[in-house]
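Below you'll find the structure, written out as structure tokens, and then a few comments.
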Amino acid sequence: SRRHRGPVIQHKINMAEFGPAEKIKADDIATVFRSEIRADVEALKAKGITPTLVGFLGTGDVSAKKYSEWTSKACEADGIKFEVREVDKMDLENALNAANHDPNVHGILIYYPCFGGSPSFYGGSMDDYLRDSVPIEKDVEGLCHTYRHNLYHNIRYVDTQTSKYKGGIVTQTGLEGTKKCLLPCTPLAIIKILEYLKLYDETQPVGNRMCGKNVTVINRSEIVGRPLAAMMANDGADVYSVDLSGVFLMKRGKIVDVAESQEAIVRKSSLIITGVPTKDYKLPTEWVQPGTVVINVSHFKNVDEEALLKVPGVKYVPLVGKVTVGMLERNLIRLIKQFQME
């Protein structure tokens, strides 16, 4: 049985405080990072290093194929060598191992899903096994076990300082180090968009720059929604994570069930991120308050754009793909600098 959900409390808003709605193009944000990437690539090439990224396609998924084409065009434009290796999924493990041991390959990504929910001989699903088989030195997507563990535990460096407790237990503090952990490309792209839009308060210390903000993320996938929610929670926000199984509130280091309705949490959120992978879902525009930032991550438009842009002060980002590819390239450069120039 479903729990009783309380009434939606609506607050009076002074519409005069807000200007017209604004549609933000991801191109403008991506351009800043692409310029930095090109400069880094030229500097590496001057040292005899051509950044090389390998992408594995072991699936006939149309979206994966399209993403690989976008990545190829961007890498070519920025001076990065990008090689797509199409292999039968049953040969993917061996192909991945070969790339892992190839010193000329600096970064690796796999286009999922490959096996879907199919189980692995090694435990768990085969896709999860492949994800964890990419070493941290080449995991350009930041999805292997080490990077995922560190993200959720708010450990921001691979070589982080440690604290020793009585009994000899050593724990990572995550506060200092020289080699930063890589973060998943799409969640990282969204964080960079938020920084561009000044939603991060740079007057506050790192880890507290989203304090006091309510956020709704409509997607709890392991690739986008969950890590994104955790990243913002670790920066101080109250993040309401929504999917078919219900609504959960994510705070630093914890997730709790909540009794509020989707309408109630959306109405009180100053940031809404939609990532529902179907054309049938539309965020009810009447729930969106003036001045809200709305970011659509899905390949489908999860909002009625025309109606949304009539809400005063709304900032709407319809696509994030170009920033995501920029973060992929940025992660590759970081891998080379941190692990492959020693």
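Residue numbering restarts at 1 for every chain of the structure tokens, chains are lettered A, B, ... in their displayed order, and ligands are numbered from 1 as they appear.
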
List the neighbours of Val54 in chain A out to 8 Å using only C-alpha atoms; skip same-chain residues closer than 5 positions along the sequence, and give me the result as a compact mmCIF listing (two decimals) with C-alpha atoms, in the first residue's frame.
```txt
# COMPACT_ATOMS: atom_id res chain seq x y z
CA PHE A 82 40.38 8.34 -31.02
CA GLU A 83 39.97 4.74 -32.12
CA VAL A 84 36.66 2.90 -32.06
CA ARG A 85 37.10 -0.85 -31.76
CA ALA A 99 44.23 -2.30 -24.37
CA VAL A 105 46.65 3.59 -25.15
CA GLY A 107 42.42 6.09 -21.97
CA ILE A 108 39.67 3.51 -22.38
CA LEU A 109 35.89 3.73 -22.48
```

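DSSP, applied to the backbone of this structure, assigns strand (DSSP E or B) to the following residues of range 233-283 of chain A: Asp238, Val239, Tyr240, Ser241, Val242, Asp243, Gly246, Val247, Phe248, Leu249, Met250, Lys251, Lys254, Ile255, Val256, Asp257, Leu271, Ile272, Ile273 and Thr274 of chain A.
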
Write a file of the selected residues as a tab-separated table (two decimals), in the first residue's frame, keeping N, CA, C and O atoms.
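So again-v3.tsv came out as:
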```tsv
chain	number	residue	atom	x	y	z
A	238	ASP	N	20.74	19.38	-0.41
A	238	ASP	CA	19.73	18.36	-0.15
A	238	ASP	C	19.20	17.91	-1.50
A	238	ASP	O	18.56	18.69	-2.22
A	239	VAL	N	19.49	16.67	-1.89
A	239	VAL	CA	19.18	16.19	-3.23
A	239	VAL	C	18.07	15.15	-3.16
A	239	VAL	O	18.23	14.10	-2.52
A	240	TYR	N	16.96	15.44	-3.82
A	240	TYR	CA	15.85	14.50	-3.90
A	240	TYR	C	16.02	13.67	-5.17
A	240	TYR	O	15.98	14.18	-6.28
A	241	SER	N	16.24	12.38	-4.96
A	241	SER	CA	16.50	11.44	-6.05
A	241	SER	C	15.23	10.68	-6.38
A	241	SER	O	14.66	10.01	-5.52
A	242	VAL	N	14.79	10.79	-7.64
A	242	VAL	CA	13.49	10.26	-8.04
A	242	VAL	C	13.66	9.21	-9.14
A	242	VAL	O	14.38	9.44	-10.12
A	243	ASP	N	13.02	8.07	-8.98
A	243	ASP	CA	12.85	7.14	-10.10
A	243	ASP	C	11.58	6.32	-9.84
A	243	ASP	O	10.79	6.66	-8.95
A	246	GLY	N	10.52	5.32	-6.28
A	246	GLY	CA	10.14	6.28	-5.27
A	246	GLY	C	11.08	7.47	-5.16
A	246	GLY	O	11.92	7.71	-6.03
A	247	VAL	N	10.91	8.21	-4.06
A	247	VAL	CA	11.69	9.42	-3.82
A	247	VAL	C	12.56	9.21	-2.59
A	247	VAL	O	12.09	8.76	-1.54
A	248	PHE	N	13.84	9.54	-2.72
A	248	PHE	CA	14.78	9.45	-1.61
A	248	PHE	C	15.52	10.78	-1.48
A	248	PHE	O	15.78	11.45	-2.48
A	249	LEU	N	15.83	11.12	-0.25
A	249	LEU	CA	16.64	12.31	0.01
A	249	LEU	C	18.08	11.88	0.25
A	249	LEU	O	18.36	11.06	1.11
A	250	MET	N	18.99	12.46	-0.54
A	250	MET	CA	20.41	12.18	-0.38
A	250	MET	C	21.08	13.37	0.26
A	250	MET	O	20.99	14.50	-0.24
A	251	LYS	N	21.70	13.12	1.40
A	251	LYS	CA	22.54	14.09	2.07
A	251	LYS	C	23.95	13.51	2.13
A	251	LYS	O	24.16	12.35	1.73
A	254	LYS	N	24.52	9.72	3.19
A	254	LYS	CA	23.35	8.94	3.56
A	254	LYS	C	22.19	9.17	2.59
A	254	LYS	O	22.13	10.20	1.91
A	255	ILE	N	21.30	8.18	2.54
A	255	ILE	CA	20.10	8.27	1.70
A	255	ILE	C	18.92	7.80	2.54
A	255	ILE	O	18.98	6.76	3.19
A	256	VAL	N	17.85	8.59	2.54
A	256	VAL	CA	16.69	8.26	3.37
A	256	VAL	C	15.41	8.37	2.55
A	256	VAL	O	15.29	9.20	1.65
A	257	ASP	N	14.44	7.51	2.86
A	257	ASP	CA	13.14	7.55	2.22
A	257	ASP	C	12.39	8.79	2.71
A	257	ASP	O	12.53	9.19	3.87
A	271	LEU	N	16.86	23.78	-8.41
A	271	LEU	CA	17.53	23.10	-9.51
A	271	LEU	C	16.82	21.78	-9.76
A	271	LEU	O	16.61	21.00	-8.84
A	272	ILE	N	16.45	21.54	-11.03
A	272	ILE	CA	15.78	20.30	-11.43
A	272	ILE	C	16.56	19.70	-12.59
A	272	ILE	O	16.83	20.39	-13.58
A	273	ILE	N	16.92	18.43	-12.46
A	273	ILE	CA	17.66	17.74	-13.52
A	273	ILE	C	16.84	16.53	-13.95
A	273	ILE	O	16.49	15.68	-13.13
A	274	THR	N	16.51	16.47	-15.24
A	274	THR	CA	15.69	15.38	-15.75
A	274	THR	C	16.54	14.48	-16.64
A	274	THR	O	17.29	14.94	-17.49
```

**Prompt:** Any idea what's packed within 7 Å of range 186-199 of chain A, counting only C-alpha atoms, ignoring anything in its chain fewer than 5 positions away? Could you give it as number ranges by chain?
**Reply:** A: 29, 224, 227-228, 323-324, 327

Can you check which parts of range 71-175 of chain A lie within 12 Å of range 330-334 of chain A? Per residue, the shortest pair of atoms and distance in Å to one decimal, counting only C-alpha atoms, sorted by chain and number, as CSV.
```
residue,atom,partner,partner_atom,distance
A:Ala74,CA,A:Arg330,CA,11.9
A:Cys75,CA,A:Leu332,CA,10.8
A:Asp78,CA,A:Arg330,CA,11.0
A:Gly79,CA,A:Ile333,CA,11.7
A:Ile80,CA,A:Leu332,CA,9.4
A:Lys81,CA,A:Leu332,CA,11.0
A:Phe82,CA,A:Leu332,CA,11.0
A:Val105,CA,A:Leu332,CA,10.4
A:His106,CA,A:Leu332,CA,7.1
A:Gly107,CA,A:Leu332,CA,5.8
A:Ile108,CA,A:Leu332,CA,8.8
A:Leu109,CA,A:Leu332,CA,10.3
A:Ile136,CA,A:Asn331,CA,11.4
A:Glu137,CA,A:Arg334,CA,9.7
A:Lys138,CA,A:Leu332,CA,7.9
A:Asp139,CA,A:Leu332,CA,8.4
A:Val140,CA,A:Asn331,CA,5.5
A:Glu141,CA,A:Asn331,CA,7.5
A:Gly142,CA,A:Asn331,CA,8.3
A:Leu143,CA,A:Asn331,CA,11.9
```

Could those selected residues go to a file with N, CA, C and O atoms, as a PDB file, in the first residue's frame?
```pdb
ATOM      1  N   ALA A  74      34.806  15.258 -32.099  1.00  0.00           N
ATOM      2  CA  ALA A  74      35.375  16.197 -31.132  1.00  0.00           C
ATOM      3  C   ALA A  74      36.860  15.946 -30.934  1.00  0.00           C
ATOM      4  O   ALA A  74      37.666  16.884 -30.908  1.00  0.00           O
ATOM      5  N   CYS A  75      37.237  14.678 -30.792  1.00  0.00           N
ATOM      6  CA  CYS A  75      38.646  14.340 -30.576  1.00  0.00           C
ATOM      7  C   CYS A  75      39.499  14.750 -31.776  1.00  0.00           C
ATOM      8  O   CYS A  75      40.593  15.293 -31.620  1.00  0.00           O
ATOM      9  N   ASP A  78      40.173  18.359 -31.743  1.00  0.00           N
ATOM     10  CA  ASP A  78      41.036  18.817 -30.653  1.00  0.00           C
ATOM     11  C   ASP A  78      42.417  18.173 -30.653  1.00  0.00           C
ATOM     12  O   ASP A  78      43.197  18.367 -29.715  1.00  0.00           O
ATOM     13  N   GLY A  79      42.712  17.386 -31.684  1.00  0.00           N
ATOM     14  CA  GLY A  79      44.057  16.816 -31.808  1.00  0.00           C
ATOM     15  C   GLY A  79      44.279  15.526 -31.044  1.00  0.00           C
ATOM     16  O   GLY A  79      45.425  15.088 -30.881  1.00  0.00           O
ATOM     17  N   ILE A  80      43.188  14.900 -30.583  1.00  0.00           N
ATOM     18  CA  ILE A  80      43.282  13.642 -29.841  1.00  0.00           C
ATOM     19  C   ILE A  80      43.031  12.477 -30.790  1.00  0.00           C
ATOM     20  O   ILE A  80      42.102  12.519 -31.606  1.00  0.00           O
ATOM     21  N   LYS A  81      43.847  11.451 -30.679  1.00  0.00           N
ATOM     22  CA  LYS A  81      43.634  10.251 -31.483  1.00  0.00           C
ATOM     23  C   LYS A  81      42.567   9.391 -30.817  1.00  0.00           C
ATOM     24  O   LYS A  81      42.710   8.983 -29.666  1.00  0.00           O
ATOM     25  N   PHE A  82      41.488   9.147 -31.557  1.00  0.00           N
ATOM     26  CA  PHE A  82      40.385   8.343 -31.019  1.00  0.00           C
ATOM     27  C   PHE A  82      40.142   7.154 -31.932  1.00  0.00           C
ATOM     28  O   PHE A  82      39.954   7.307 -33.137  1.00  0.00           O
ATOM     29  N   VAL A 105      48.037   3.237 -25.438  1.00  0.00           N
ATOM     30  CA  VAL A 105      46.645   3.590 -25.152  1.00  0.00           C
ATOM     31  C   VAL A 105      46.600   4.309 -23.809  1.00  0.00           C
ATOM     32  O   VAL A 105      46.961   3.749 -22.785  1.00  0.00           O
ATOM     33  N   HIS A 106      46.153   5.565 -23.830  1.00  0.00           N
ATOM     34  CA  HIS A 106      46.160   6.372 -22.610  1.00  0.00           C
ATOM     35  C   HIS A 106      44.822   6.352 -21.866  1.00  0.00           C
ATOM     36  O   HIS A 106      44.772   6.617 -20.668  1.00  0.00           O
ATOM     37  N   GLY A 107      43.743   6.097 -22.596  1.00  0.00           N
ATOM     38  CA  GLY A 107      42.424   6.092 -21.972  1.00  0.00           C
ATOM     39  C   GLY A 107      41.510   5.096 -22.654  1.00  0.00           C
ATOM     40  O   GLY A 107      41.642   4.844 -23.858  1.00  0.00           O
ATOM     41  N   ILE A 108      40.577   4.533 -21.875  1.00  0.00           N
ATOM     42  CA  ILE A 108      39.666   3.506 -22.383  1.00  0.00           C
ATOM     43  C   ILE A 108      38.242   3.835 -21.941  1.00  0.00           C
ATOM     44  O   ILE A 108      38.019   4.228 -20.789  1.00  0.00           O
ATOM     45  N   LEU A 109      37.288   3.676 -22.869  1.00  0.00           N
ATOM     46  CA  LEU A 109      35.885   3.727 -22.482  1.00  0.00           C
ATOM     47  C   LEU A 109      35.143   2.596 -23.171  1.00  0.00           C
ATOM     48  O   LEU A 109      35.554   2.120 -24.240  1.00  0.00           O
ATOM     49  N   ILE A 136      42.540   2.190 -12.981  1.00  0.00           N
ATOM     50  CA  ILE A 136      42.358   3.617 -12.684  1.00  0.00           C
ATOM     51  C   ILE A 136      43.244   4.496 -13.546  1.00  0.00           C
ATOM     52  O   ILE A 136      42.903   5.650 -13.825  1.00  0.00           O
ATOM     53  N   GLU A 137      44.371   3.953 -14.007  1.00  0.00           N
ATOM     54  CA  GLU A 137      45.298   4.741 -14.835  1.00  0.00           C
ATOM     55  C   GLU A 137      44.743   5.019 -16.224  1.00  0.00           C
ATOM     56  O   GLU A 137      45.212   5.922 -16.918  1.00  0.00           O
ATOM     57  N   LYS A 138      43.698   4.243 -16.643  1.00  0.00           N
ATOM     58  CA  LYS A 138      43.154   4.405 -17.998  1.00  0.00           C
ATOM     59  C   LYS A 138      41.638   4.586 -18.020  1.00  0.00           C
ATOM     60  O   LYS A 138      41.047   4.715 -19.093  1.00  0.00           O
ATOM     61  N   ASP A 139      41.015   4.640 -16.851  1.00  0.00           N
ATOM     62  CA  ASP A 139      39.553   4.716 -16.777  1.00  0.00           C
ATOM     63  C   ASP A 139      39.083   6.146 -17.009  1.00  0.00           C
ATOM     64  O   ASP A 139      38.866   6.915 -16.071  1.00  0.00           O
ATOM     65  N   VAL A 140      38.909   6.498 -18.273  1.00  0.00           N
ATOM     66  CA  VAL A 140      38.564   7.871 -18.627  1.00  0.00           C
ATOM     67  C   VAL A 140      37.135   8.225 -18.214  1.00  0.00           C
ATOM     68  O   VAL A 140      36.785   9.398 -18.088  1.00  0.00           O
ATOM     69  N   GLU A 141      36.302   7.204 -17.979  1.00  0.00           N
ATOM     70  CA  GLU A 141      34.922   7.459 -17.566  1.00  0.00           C
ATOM     71  C   GLU A 141      34.760   7.603 -16.058  1.00  0.00           C
ATOM     72  O   GLU A 141      33.703   8.010 -15.586  1.00  0.00           O
ATOM     73  N   GLY A 142      35.776   7.229 -15.280  1.00  0.00           N
ATOM     74  CA  GLY A 142      35.682   7.329 -13.834  1.00  0.00           C
ATOM     75  C   GLY A 142      34.629   6.418 -13.237  1.00  0.00           C
ATOM     76  O   GLY A 142      33.978   6.767 -12.246  1.00  0.00           O
ATOM     77  N   LEU A 143      34.470   5.210 -13.799  1.00  0.00           N
ATOM     78  CA  LEU A 143      33.389   4.322 -13.378  1.00  0.00           C
ATOM     79  C   LEU A 143      33.855   3.037 -12.710  1.00  0.00           C
ATOM     80  O   LEU A 143      33.040   2.229 -12.270  1.00  0.00           O
TER      81      LEU A 143
END
```

**Request:** Can you work out which one of A:Cys185, A:Ala46, A:Met90, A:Ile265 has the shortest atom-to-atom distance to Val325 in chain A, counting only C-alpha atoms?
**Result:** A:Cys185

**Asked** Per DSSP on the backbone, what are the alpha helix (DSSP H) residues of range 122-244 of chain A, as a PyMOL selection string?
**Response** chain A and resi 126-133+145-152+185-196+225-234

With C-alpha atoms kept, could you save the residues just selected as a short mmCIF file (atom, residue, chain, number, x, y, z; two decimals), in the first residue's frame?
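Written out: again.cif:
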```cif
data_model
loop_
_atom_site.label_atom_id
_atom_site.label_comp_id
_atom_site.auth_asym_id
_atom_site.auth_seq_id
_atom_site.Cartn_x
_atom_site.Cartn_y
_atom_site.Cartn_z
CA MET A 126 29.05 -8.81 -16.87
CA ASP A 127 28.78 -5.08 -17.57
CA ASP A 128 29.78 -4.34 -13.96
CA TYR A 129 32.68 -6.75 -14.25
CA LEU A 130 33.95 -5.01 -17.41
CA ARG A 131 33.53 -1.59 -15.77
CA ASP A 132 35.72 -2.70 -12.88
CA SER A 133 38.30 -4.26 -15.21
CA HIS A 145 35.29 0.41 -8.40
CA THR A 146 38.04 2.65 -6.98
CA TYR A 147 36.63 5.84 -8.49
CA ARG A 148 33.02 4.93 -7.60
CA HIS A 149 33.98 4.09 -4.02
CA ASN A 150 35.88 7.34 -3.63
CA LEU A 151 33.07 9.41 -5.14
CA TYR A 152 30.45 8.09 -2.71
CA CYS A 185 31.74 12.40 -17.54
CA THR A 186 28.04 13.32 -17.65
CA PRO A 187 27.68 14.10 -13.92
CA LEU A 188 30.91 16.11 -14.10
CA ALA A 189 29.57 17.98 -17.15
CA ILE A 190 26.47 18.95 -15.18
CA ILE A 191 28.59 20.20 -12.27
CA LYS A 192 30.59 22.36 -14.69
CA ILE A 193 27.34 23.73 -16.12
CA LEU A 194 26.20 24.60 -12.58
CA GLU A 195 29.50 26.38 -11.92
CA TYR A 196 29.05 28.32 -15.18
CA GLY A 225 21.59 10.03 -11.64
CA ARG A 226 23.01 8.35 -8.56
CA PRO A 227 26.63 9.64 -8.85
CA LEU A 228 25.38 13.13 -9.75
CA ALA A 229 23.11 13.21 -6.70
CA ALA A 230 25.97 12.01 -4.49
CA MET A 231 28.35 14.65 -5.85
CA MET A 232 25.92 17.48 -5.09
CA ALA A 233 25.04 15.99 -1.68
CA ASN A 234 28.76 15.84 -0.88
#
```

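Between CA of Leu183 in chain A and CA of Pro103 in chain A the separation is 22.7 Å.
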
**Item:** Spatial neighbours of range 279-288 of chain A, max dist 7 Å, only C-alpha atoms, sep filter under 6 positions, as JSON, numbers by chain
**Value:** {"A": [263, 266, 267, 300, 301, 302, 303, 304, 307, 308]}
